[in-house]
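Enquirer: Contents of run.pdb (PDB, C-alpha atoms) are below:
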ATOM      1  CA  MET A   1     -13.659 -26.077   9.963
ATOM      2  CA  ALA A   2     -15.430 -23.143  11.607
ATOM      3  CA  GLN A   3     -18.232 -21.651   9.547
ATOM      4  CA  ARG A   4     -19.463 -18.079   9.618
ATOM      5  CA  PRO A   5     -23.008 -17.736  10.912
ATOM      6  CA  GLN A   6     -25.232 -17.051   7.931
ATOM      7  CA  GLN A   7     -27.889 -14.362   7.864
ATOM      8  CA  ALA A   8     -30.665 -13.765   5.383
ATOM      9  CA  ASP A   9     -29.003 -10.572   4.184
ATOM     10  CA  GLY A  10     -25.481 -12.054   4.122
ATOM     11  CA  PRO A  11     -22.647 -12.048   6.671
ATOM     12  CA  GLU A  12     -21.694  -9.039   8.722
ATOM     13  CA  LEU A  13     -18.448  -8.072   7.043
ATOM     14  CA  PRO A  14     -15.797  -6.031   8.859
ATOM     15  CA  ARG A  15     -15.021  -2.331   8.788
ATOM     16  CA  LEU A  16     -11.302  -2.188   9.463
ATOM     17  CA  GLY A  17      -9.537   0.569  11.334
ATOM     18  CA  GLY A  18     -12.746   2.576  11.619
ATOM     19  CA  ARG A  19     -12.769   3.386   7.896
ATOM     20  CA  ARG A  20     -15.832   3.253   5.674
ATOM     21  CA  SER A  21     -15.463   0.423   3.155
ATOM     22  CA  SER A  22     -17.215  -0.512  -0.045
ATOM     23  CA  TYR A  23     -18.995  -3.855  -0.105
ATOM     24  CA  ARG A  24     -16.271  -5.230  -2.373
ATOM     25  CA  GLU A  25     -13.630  -4.178   0.159
ATOM     26  CA  ARG A  26     -15.591  -5.781   2.975
ATOM     27  CA  VAL A  27     -15.830  -9.043   1.040
ATOM     28  CA  ALA A  28     -12.063  -8.849   0.467
ATOM     29  CA  ASP A  29     -11.558  -8.273   4.208
ATOM     30  CA  ALA A  30     -13.577 -11.392   5.040
ATOM     31  CA  LEU A  31     -11.679 -13.487   2.484
ATOM     32  CA  ARG A  32      -8.385 -12.136   3.783
ATOM     33  CA  ALA A  33      -9.397 -13.128   7.307
ATOM     34  CA  ALA A  34     -10.159 -16.643   6.065
ATOM     35  CA  LEU A  35      -6.690 -16.793   4.507
ATOM     36  CA  ILE A  36      -4.977 -15.578   7.661
ATOM     37  CA  ALA A  37      -6.853 -18.039   9.877
ATOM     38  CA  GLY A  38      -6.037 -20.942   7.574
ATOM     39  CA  GLU A  39      -9.671 -21.527   6.614
ATOM     40  CA  LEU A  40      -8.491 -21.234   3.000
ATOM     41  CA  ARG A  41      -5.426 -23.433   2.643
ATOM     42  CA  PRO A  42      -2.250 -22.821   0.595
ATOM     43  CA  GLY A  43      -2.146 -24.691  -2.679
ATOM     44  CA  GLU A  44      -5.907 -25.209  -2.759
ATOM     45  CA  VAL A  45      -7.932 -23.836  -5.665
ATOM     46  CA  TYR A  46     -11.229 -22.105  -4.864
ATOM     47  CA  SER A  47     -13.833 -20.927  -7.370
ATOM     48  CA  ALA A  48     -15.691 -17.654  -6.928
ATOM     49  CA  PRO A  49     -19.117 -19.408  -6.868
ATOM     50  CA  SER A  50     -18.018 -21.845  -4.130
ATOM     51  CA  LEU A  51     -16.644 -19.016  -1.993
ATOM     52  CA  ALA A  52     -19.766 -16.949  -2.621
ATOM     53  CA  ALA A  53     -21.954 -19.794  -1.395
ATOM     54  CA  ARG A  54     -19.770 -20.233   1.667
ATOM     55  CA  PHE A  55     -19.931 -16.555   2.634
ATOM     56  CA  GLY A  56     -23.560 -16.048   1.668
ATOM     57  CA  VAL A  57     -22.880 -13.382  -0.968
ATOM     58  CA  SER A  58     -23.063 -13.234  -4.765
ATOM     59  CA  ALA A  59     -20.188 -14.429  -6.961
ATOM     60  CA  THR A  60     -19.449 -11.045  -8.555
ATOM     61  CA  PRO A  61     -18.090  -9.215  -5.468
ATOM     62  CA  VAL A  62     -16.169 -12.355  -4.502
ATOM     63  CA  ARG A  63     -14.532 -12.541  -7.932
ATOM     64  CA  GLU A  64     -13.668  -8.828  -7.781
ATOM     65  CA  ALA A  65     -12.339  -9.148  -4.232
ATOM     66  CA  MET A  66     -10.187 -12.139  -5.161
ATOM     67  CA  LEU A  67      -8.664 -10.103  -7.985
ATOM     68  CA  ASP A  68      -7.718  -7.517  -5.363
ATOM     69  CA  LEU A  69      -6.025 -10.291  -3.363
ATOM     70  CA  VAL A  70      -4.181 -11.366  -6.527
ATOM     71  CA  LYS A  71      -2.663  -7.865  -6.693
ATOM     72  CA  GLU A  72      -1.579  -8.256  -3.067
ATOM     73  CA  GLY A  73       0.107 -11.565  -3.855
ATOM     74  CA  LEU A  74      -2.155 -13.537  -1.523
ATOM     75  CA  VAL A  75      -3.692 -15.715  -4.260
ATOM     76  CA  ASP A  76      -2.936 -16.609  -7.885
ATOM     77  CA  THR A  77      -5.421 -16.986 -10.704
ATOM     78  CA  VAL A  78      -5.933 -20.467 -12.169
ATOM     79  CA  PRO A  79      -7.510 -20.155 -15.652
ATOM     80  CA  ASN A  80     -11.000 -21.668 -15.883
ATOM     81  CA  LYS A  81     -10.837 -22.896 -12.292
ATOM     82  CA  GLY A  82     -10.548 -20.038  -9.831
ATOM     83  CA  PHE A  83      -7.884 -18.893  -7.426
ATOM     84  CA  ARG A  84      -5.033 -20.736  -5.700
ATOM     85  CA  VAL A  85      -3.908 -19.613  -2.234
ATOM     86  CA  THR A  86      -0.212 -18.798  -2.219
ATOM     87  CA  ALA A  87       2.093 -20.431   0.324
ATOM     88  CA  VAL A  88       4.025 -18.420   2.915
ATOM     89  CA  SER A  89       7.344 -19.754   4.217
ATOM     90  CA  ASP A  90       8.419 -19.749   7.853
ATOM     91  CA  GLU A  91      11.215 -17.333   6.904
ATOM     92  CA  GLN A  92       8.706 -14.891   5.451
ATOM     93  CA  LEU A  93       6.490 -15.145   8.535
ATOM     94  CA  ASP A  94       9.526 -14.443  10.742
ATOM     95  CA  GLU A  95      10.326 -11.330   8.703
ATOM     96  CA  TYR A  96       6.744 -10.047   8.808
ATOM     97  CA  THR A  97       6.553 -10.558  12.573
ATOM     98  CA  HIS A  98       9.908  -8.857  13.153
ATOM     99  CA  ILE A  99       8.797  -5.771  11.234
ATOM    100  CA  ARG A 100       5.472  -5.704  13.054
ATOM    101  CA  ALA A 101       7.241  -5.839  16.417
ATOM    102  CA  LEU A 102       9.524  -2.945  15.446
ATOM    103  CA  ILE A 103       6.478  -0.859  14.504
ATOM    104  CA  GLU A 104       3.687  -1.905  16.843
ATOM    105  CA  ILE A 105       5.346  -2.324  20.233
ATOM    106  CA  PRO A 106       6.791   1.218  20.516
ATOM    107  CA  THR A 107       3.775   2.805  18.809
ATOM    108  CA  VAL A 108       1.227   1.198  21.133
ATOM    109  CA  THR A 109       3.448   1.826  24.181
ATOM    110  CA  GLU A 110       3.510   5.533  23.347
ATOM    111  CA  LEU A 111      -0.293   5.538  23.193
ATOM    112  CA  ALA A 112      -0.292   4.943  26.956
ATOM    113  CA  ARG A 113       0.805   8.591  27.186
ATOM    114  CA  THR A 114      -0.920  10.175  24.204
ATOM    115  CA  ALA A 115      -4.261   8.456  23.492
ATOM    116  CA  ASP A 116      -7.371   9.941  25.060
ATOM    117  CA  ARG A 117      -9.634   7.764  27.180
ATOM    118  CA  VAL A 118     -12.701   8.162  24.968
ATOM    119  CA  SER A 119     -10.848   6.862  21.904
ATOM    120  CA  LEU A 120      -9.435   3.944  23.844
ATOM    121  CA  GLU A 121     -12.812   2.995  25.305
ATOM    122  CA  ALA A 122     -14.265   3.056  21.796
ATOM    123  CA  LEU A 123     -12.121  -0.018  21.070
ATOM    124  CA  ARG A 124     -13.653  -2.072  23.886
ATOM    125  CA  PRO A 125     -16.519  -3.473  21.756
ATOM    126  CA  ALA A 126     -13.997  -4.884  19.269
ATOM    127  CA  ALA A 127     -11.981  -6.379  22.133
ATOM    128  CA  ARG A 128     -15.124  -8.047  23.456
ATOM    129  CA  GLU A 129     -15.976  -9.327  19.975
ATOM    130  CA  ILE A 130     -12.600 -11.083  19.906
ATOM    131  CA  VAL A 131     -13.445 -12.852  23.150
ATOM    132  CA  THR A 132     -16.920 -13.776  21.887
ATOM    133  CA  ALA A 133     -15.460 -15.199  18.667
ATOM    134  CA  ALA A 134     -12.905 -17.210  20.651
ATOM    135  CA  VAL A 135     -15.646 -18.732  22.811
ATOM    136  CA  ALA A 136     -17.679 -19.582  19.689
ATOM    137  CA  GLY A 137     -14.648 -20.992  17.880
ATOM    138  CA  ASP A 138     -15.352 -18.687  14.918
ATOM    139  CA  LEU A 139     -11.865 -18.102  13.510
ATOM    140  CA  ILE A 140     -12.885 -15.746  10.728
ATOM    141  CA  ALA A 141     -14.827 -13.534  13.142
ATOM    142  CA  TYR A 142     -11.837 -13.718  15.510
ATOM    143  CA  VAL A 143      -9.395 -12.468  12.869
ATOM    144  CA  GLU A 144     -11.827  -9.775  11.666
ATOM    145  CA  ALA A 145     -12.354  -8.387  15.173
ATOM    146  CA  ASP A 146      -8.645  -8.709  15.985
ATOM    147  CA  THR A 147      -7.797  -6.715  12.863
ATOM    148  CA  ARG A 148     -10.347  -4.013  13.672
ATOM    149  CA  PHE A 149      -8.984  -3.711  17.200
ATOM    150  CA  HIS A 150      -5.292  -3.507  16.335
ATOM    151  CA  LEU A 151      -5.612  -1.254  13.285
ATOM    152  CA  GLY A 152      -8.036   0.956  15.186
ATOM    153  CA  LEU A 153      -5.536   1.159  18.036
ATOM    154  CA  LEU A 154      -2.645   2.023  15.735
ATOM    155  CA  ALA A 155      -4.802   4.658  14.011
ATOM    156  CA  LEU A 156      -4.795   6.612  17.287
ATOM    157  CA  ALA A 157      -1.120   7.387  16.621
ATOM    158  CA  GLY A 158      -2.263   9.578  13.718
ATOM    159  CA  ASN A 159      -0.058   7.961  11.055
ATOM    160  CA  ALA A 160      -2.221   6.518   8.276
ATOM    161  CA  HIS A 161       0.767   5.123   6.369
ATOM    162  CA  LEU A 162       1.876   3.166   9.437
ATOM    163  CA  VAL A 163      -1.589   1.594   9.647
ATOM    164  CA  GLU A 164      -1.446   0.641   5.966
ATOM    165  CA  VAL A 165       1.953  -1.021   6.384
ATOM    166  CA  VAL A 166       0.794  -3.089   9.370
ATOM    167  CA  ALA A 167      -2.453  -3.992   7.597
ATOM    168  CA  ASP A 168      -0.416  -5.326   4.664
ATOM    169  CA  LEU A 169       1.863  -7.345   6.960
ATOM    170  CA  ARG A 170      -1.133  -8.789   8.809
ATOM    171  CA  GLY A 171      -2.715  -9.793   5.508
ATOM    172  CA  ARG A 172       0.408 -11.713   4.535
ATOM    173  CA  SER A 173       0.631 -13.573   7.855
ATOM    174  CA  ARG A 174      -0.835 -17.021   8.478
ATOM    175  CA  LEU A 175      -2.203 -18.171  11.842
ATOM    176  CA  TYR A 176      -2.697 -21.868  11.189
ATOM    177  CA  GLY A 177      -2.393 -22.659  14.884
ATOM    178  CA  LEU A 178      -5.713 -21.003  15.709
ATOM    179  CA  THR A 179      -7.585 -24.165  14.723
ATOM    180  CA  THR A 180      -5.552 -26.245  17.190
ATOM    181  CA  LEU A 181      -6.098 -23.682  19.957
ATOM    182  CA  VAL A 182      -9.858 -23.758  19.379
ATOM    183  CA  LYS A 183      -9.899 -27.565  19.573
ATOM    184  CA  ALA A 184      -7.851 -27.450  22.779
ATOM    185  CA  GLY A 185      -9.978 -24.671  24.296
ATOM    186  CA  ARG A 186      -6.939 -22.397  24.624
ATOM    187  CA  LEU A 187      -7.854 -19.496  22.359
ATOM    188  CA  LEU A 188      -9.804 -17.618  25.035
ATOM    189  CA  SER A 189      -6.717 -16.678  27.069
ATOM    190  CA  SER A 190      -5.133 -15.109  23.985
ATOM    191  CA  ALA A 191      -8.367 -13.275  23.206
ATOM    192  CA  GLU A 192      -8.562 -11.811  26.700
ATOM    193  CA  GLU A 193      -5.146 -10.190  26.227
ATOM    194  CA  HIS A 194      -6.885  -7.501  24.171
ATOM    195  CA  LEU A 195      -8.944  -6.422  27.169
ATOM    196  CA  GLU A 196      -5.825  -6.631  29.338
ATOM    197  CA  LEU A 197      -3.971  -4.379  26.889
ATOM    198  CA  LEU A 198      -6.816  -1.876  26.785
ATOM    199  CA  ASP A 199      -6.963  -1.678  30.575
ATOM    200  CA  ALA A 200      -3.187  -1.125  30.763
ATOM    201  CA  LEU A 201      -3.461   1.706  28.225
ATOM    202  CA  LEU A 202      -6.243   3.319  30.236
ATOM    203  CA  ASP A 203      -4.108   2.977  33.376
ATOM    204  CA  ARG A 204      -1.251   4.779  31.558
ATOM    205  CA  ASP A 205       1.035   1.866  32.475
ATOM    206  CA  GLU A 206       3.691   1.954  29.751
ATOM    207  CA  ARG A 207       5.676  -0.989  31.109
ATOM    208  CA  ALA A 208       2.580  -3.207  31.244
ATOM    209  CA  VAL A 209       1.570  -2.144  27.719
ATOM    210  CA  ARG A 210       5.022  -2.972  26.368
ATOM    211  CA  ASP A 211       5.041  -6.355  28.128
ATOM    212  CA  ILE A 212       1.546  -7.279  26.892
ATOM    213  CA  MET A 213       2.306  -6.234  23.306
ATOM    214  CA  THR A 214       5.566  -8.195  23.332
ATOM    215  CA  ARG A 215       3.809 -11.298  24.626
ATOM    216  CA  HIS A 216       0.862 -10.828  22.280
ATOM    217  CA  LEU A 217       2.946 -10.465  19.120
ATOM    218  CA  GLY A 218       4.997 -13.446  20.254
ATOM    219  CA  HIS A 219       1.913 -15.591  19.660
ATOM    220  CA  VAL A 220       2.048 -14.780  15.941
ATOM    221  CA  ARG A 221       5.087 -17.020  15.549
ATOM    222  CA  GLY A 222       4.275 -19.215  18.523
ATOM    223  CA  LEU A 223       0.857 -20.430  19.634
ATOM    224  CA  TRP A 224      -1.018 -18.996  16.651
ATOM    225  CA  ALA A 225       1.391 -20.161  13.955
ATOM    226  CA  ALA A 226       1.823 -23.891  14.586
ATOM    227  CA  ARG A 227       1.100 -25.816  11.404
ATOM    228  CA  ASP A 228      -1.165 -28.845  11.402
TER     229      ASP A 228
END
Kindly present the structure from the file in structure tokens form.
Expert:
Amino acid sequence: MAQRPQQADGPELPRLGGRRSSYRERVADALRAALIAGELRPGEVYSAPSLAARFGVSATPVREAMLDLVKEGLVDTVPNKGFRVTAVSDEQLDEYTHIRALIEIPTVTELARTADRVSLEALRPAAREIVTAAVAGDLIAYVEADTRFHLGLLALAGNAHLVEVVADLRGRSRLYGLTTLVKAGRLLSSAEEHLELLDALLDRDERAVRDIMTRHLGHVRGLWAARD
């Protein structure tokens, strides 16, 4: 199991879609990333203190963040024990991916015509972070950076509600296959697709953008989704 690098002042938690987040929200983002990547497994019960120790933060923001995830249906409370990760069926994952494809592919393709170069280039650090996380085998950092990149990209369309819908769908997805890809040394090629997509957007190549997005989202129910 990949572990987040620990720092004396706690982990560097994500800021998604360019928004300013409270510390509680950032803890929730990190826990959500762990759920998506399969670091926290369905059916398992986790206590707030154990998760706090794992992420290098105090138990209070973890407990509060987990209650937020309860409202989202991602975990259930287990009295006197903690929180149980809810299971997601293959049928549900198919539905989430289908909706994402209907939203994200045309939206990102249109950005090849409408997004300005400065805004697109501002996403390059996140794209590079995805590659760095893939090389390190850090799945939580991978999902965090991937989320920042894609929600930041969608935000350029100027529709905040669209970003919220995709963020919710991403939070409900599960990418159990990432662990297998890391072990096989195959995650890097998927990570590099983000840089490929960014370059195609900067080249104003709508066909290439559409093809890359179609291939990339295909991984959600393909390479990235295979269960152990």
Enquirer: Name the residues in contact with Val78 (chain A) at a cut-off of 12 Å, using all atoms listed in the file, excluding same-chain residues fewer than 4 positions from it; report them as a ChimeraX atom specification.
Expert: /A:43-48,66-67,70,82-86
Enquirer: Include C-alpha atoms and write out the residues we just selected as an mmCIF file, keeping the file's coordinate frame.
Expert:
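The new file result-v5.cif reads:
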data_model
loop_
_atom_site.group_PDB
_atom_site.id
_atom_site.type_symbol
_atom_site.label_atom_id
_atom_site.label_comp_id
_atom_site.auth_asym_id
_atom_site.auth_seq_id
_atom_site.Cartn_x
_atom_site.Cartn_y
_atom_site.Cartn_z
ATOM 1 C CA GLY A 43 -2.146 -24.691 -2.679
ATOM 2 C CA GLU A 44 -5.907 -25.209 -2.759
ATOM 3 C CA VAL A 45 -7.932 -23.836 -5.665
ATOM 4 C CA TYR A 46 -11.229 -22.105 -4.864
ATOM 5 C CA SER A 47 -13.833 -20.927 -7.370
ATOM 6 C CA ALA A 48 -15.691 -17.654 -6.928
ATOM 7 C CA MET A 66 -10.187 -12.139 -5.161
ATOM 8 C CA LEU A 67 -8.664 -10.103 -7.985
ATOM 9 C CA VAL A 70 -4.181 -11.366 -6.527
ATOM 10 C CA GLY A 82 -10.548 -20.038 -9.831
ATOM 11 C CA PHE A 83 -7.884 -18.893 -7.426
ATOM 12 C CA ARG A 84 -5.033 -20.736 -5.700
ATOM 13 C CA VAL A 85 -3.908 -19.613 -2.234
ATOM 14 C CA THR A 86 -0.212 -18.798 -2.219
#
Enquirer: For the point (-12.6, -22.6, 16.4) in file coordinates, what residues are within 7 Å, counting only C-alpha atoms? Give the answer as a list in words?
Expert: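 Residues with an atom close enough to that point: Ala2, Ala134, Ala136, Gly137, Asp138, Leu139, Thr179, Val182 and Lys183 of chain A.
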Enquirer: For the selection just defined, write its residues with C-alpha atoms to a file, as a compact mmCIF listing (two decimals), in the coordinates of the input.
Expert:
# COMPACT_ATOMS: atom_id res chain seq x y z
CA ALA A 2 -15.43 -23.14 11.61
CA ALA A 134 -12.90 -17.21 20.65
CA ALA A 136 -17.68 -19.58 19.69
CA GLY A 137 -14.65 -20.99 17.88
CA ASP A 138 -15.35 -18.69 14.92
CA LEU A 139 -11.86 -18.10 13.51
CA THR A 179 -7.58 -24.16 14.72
CA VAL A 182 -9.86 -23.76 19.38
CA LYS A 183 -9.90 -27.56 19.57
Enquirer: What is the CA of Ser50 (chain A)-CA of Ala34 (chain A) distance in Å, reported with one decimal?
Expert: 13.9 Å
Enquirer: Anything within 10 Å of (-14.6, -15.5, 18.7): list those residues as a compact mmCIF listing (two decimals) with C-alpha atoms, keeping the file's coordinate frame, counting only C-alpha atoms and sticking to the file's coordinates.
Expert:
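File produced: out-v6.txt:
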# COMPACT_ATOMS: atom_id res chain seq x y z
CA ARG A 128 -15.12 -8.05 23.46
CA GLU A 129 -15.98 -9.33 19.98
CA ILE A 130 -12.60 -11.08 19.91
CA VAL A 131 -13.44 -12.85 23.15
CA THR A 132 -16.92 -13.78 21.89
CA ALA A 133 -15.46 -15.20 18.67
CA ALA A 134 -12.90 -17.21 20.65
CA VAL A 135 -15.65 -18.73 22.81
CA ALA A 136 -17.68 -19.58 19.69
CA GLY A 137 -14.65 -20.99 17.88
CA ASP A 138 -15.35 -18.69 14.92
CA LEU A 139 -11.86 -18.10 13.51
CA ILE A 140 -12.88 -15.75 10.73
CA ALA A 141 -14.83 -13.53 13.14
CA TYR A 142 -11.84 -13.72 15.51
CA VAL A 143 -9.40 -12.47 12.87
CA GLU A 144 -11.83 -9.78 11.67
CA ALA A 145 -12.35 -8.39 15.17
CA ASP A 146 -8.64 -8.71 15.98
CA VAL A 182 -9.86 -23.76 19.38
CA LEU A 187 -7.85 -19.50 22.36
CA LEU A 188 -9.80 -17.62 25.04
CA ALA A 191 -8.37 -13.28 23.21
Enquirer: Between CA of Val108 (chain A) and CA of Glu193 (chain A), what is the spacing in Å?
Expert: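 Distance reported for this atom pair: 14.0 Å.
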Enquirer: Choose the residue, out of A:Thr60, A:Thr97, A:Thr77, A:Thr147, that has the smallest atom-to-atom separation from Leu217 (chain A); count all atoms listed in the file.
Expert: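 Closest candidate: A:Thr97.
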Enquirer: Quick one: of A:Ala33, A:Leu93, A:Val27, A:Leu197, who's nearest to Phe55 (chain A), counting only C-alpha atoms?
Expert: A:Val27
Enquirer: Counting only C-alpha atoms, which residue out of A:Asp168, A:Asp68, A:Asp211, A:Asp199 sits closest to Ile105 (chain A)?
Expert: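 So, comparing all the options, the nearest one is A:Asp211.
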Enquirer: Go ahead and compute the interatomic distance for CA of Ile99 (chain A) and CA of Ala167 (chain A), in Å to one decimal.
Expert: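 Interatomic distance here is 12.0 Å.
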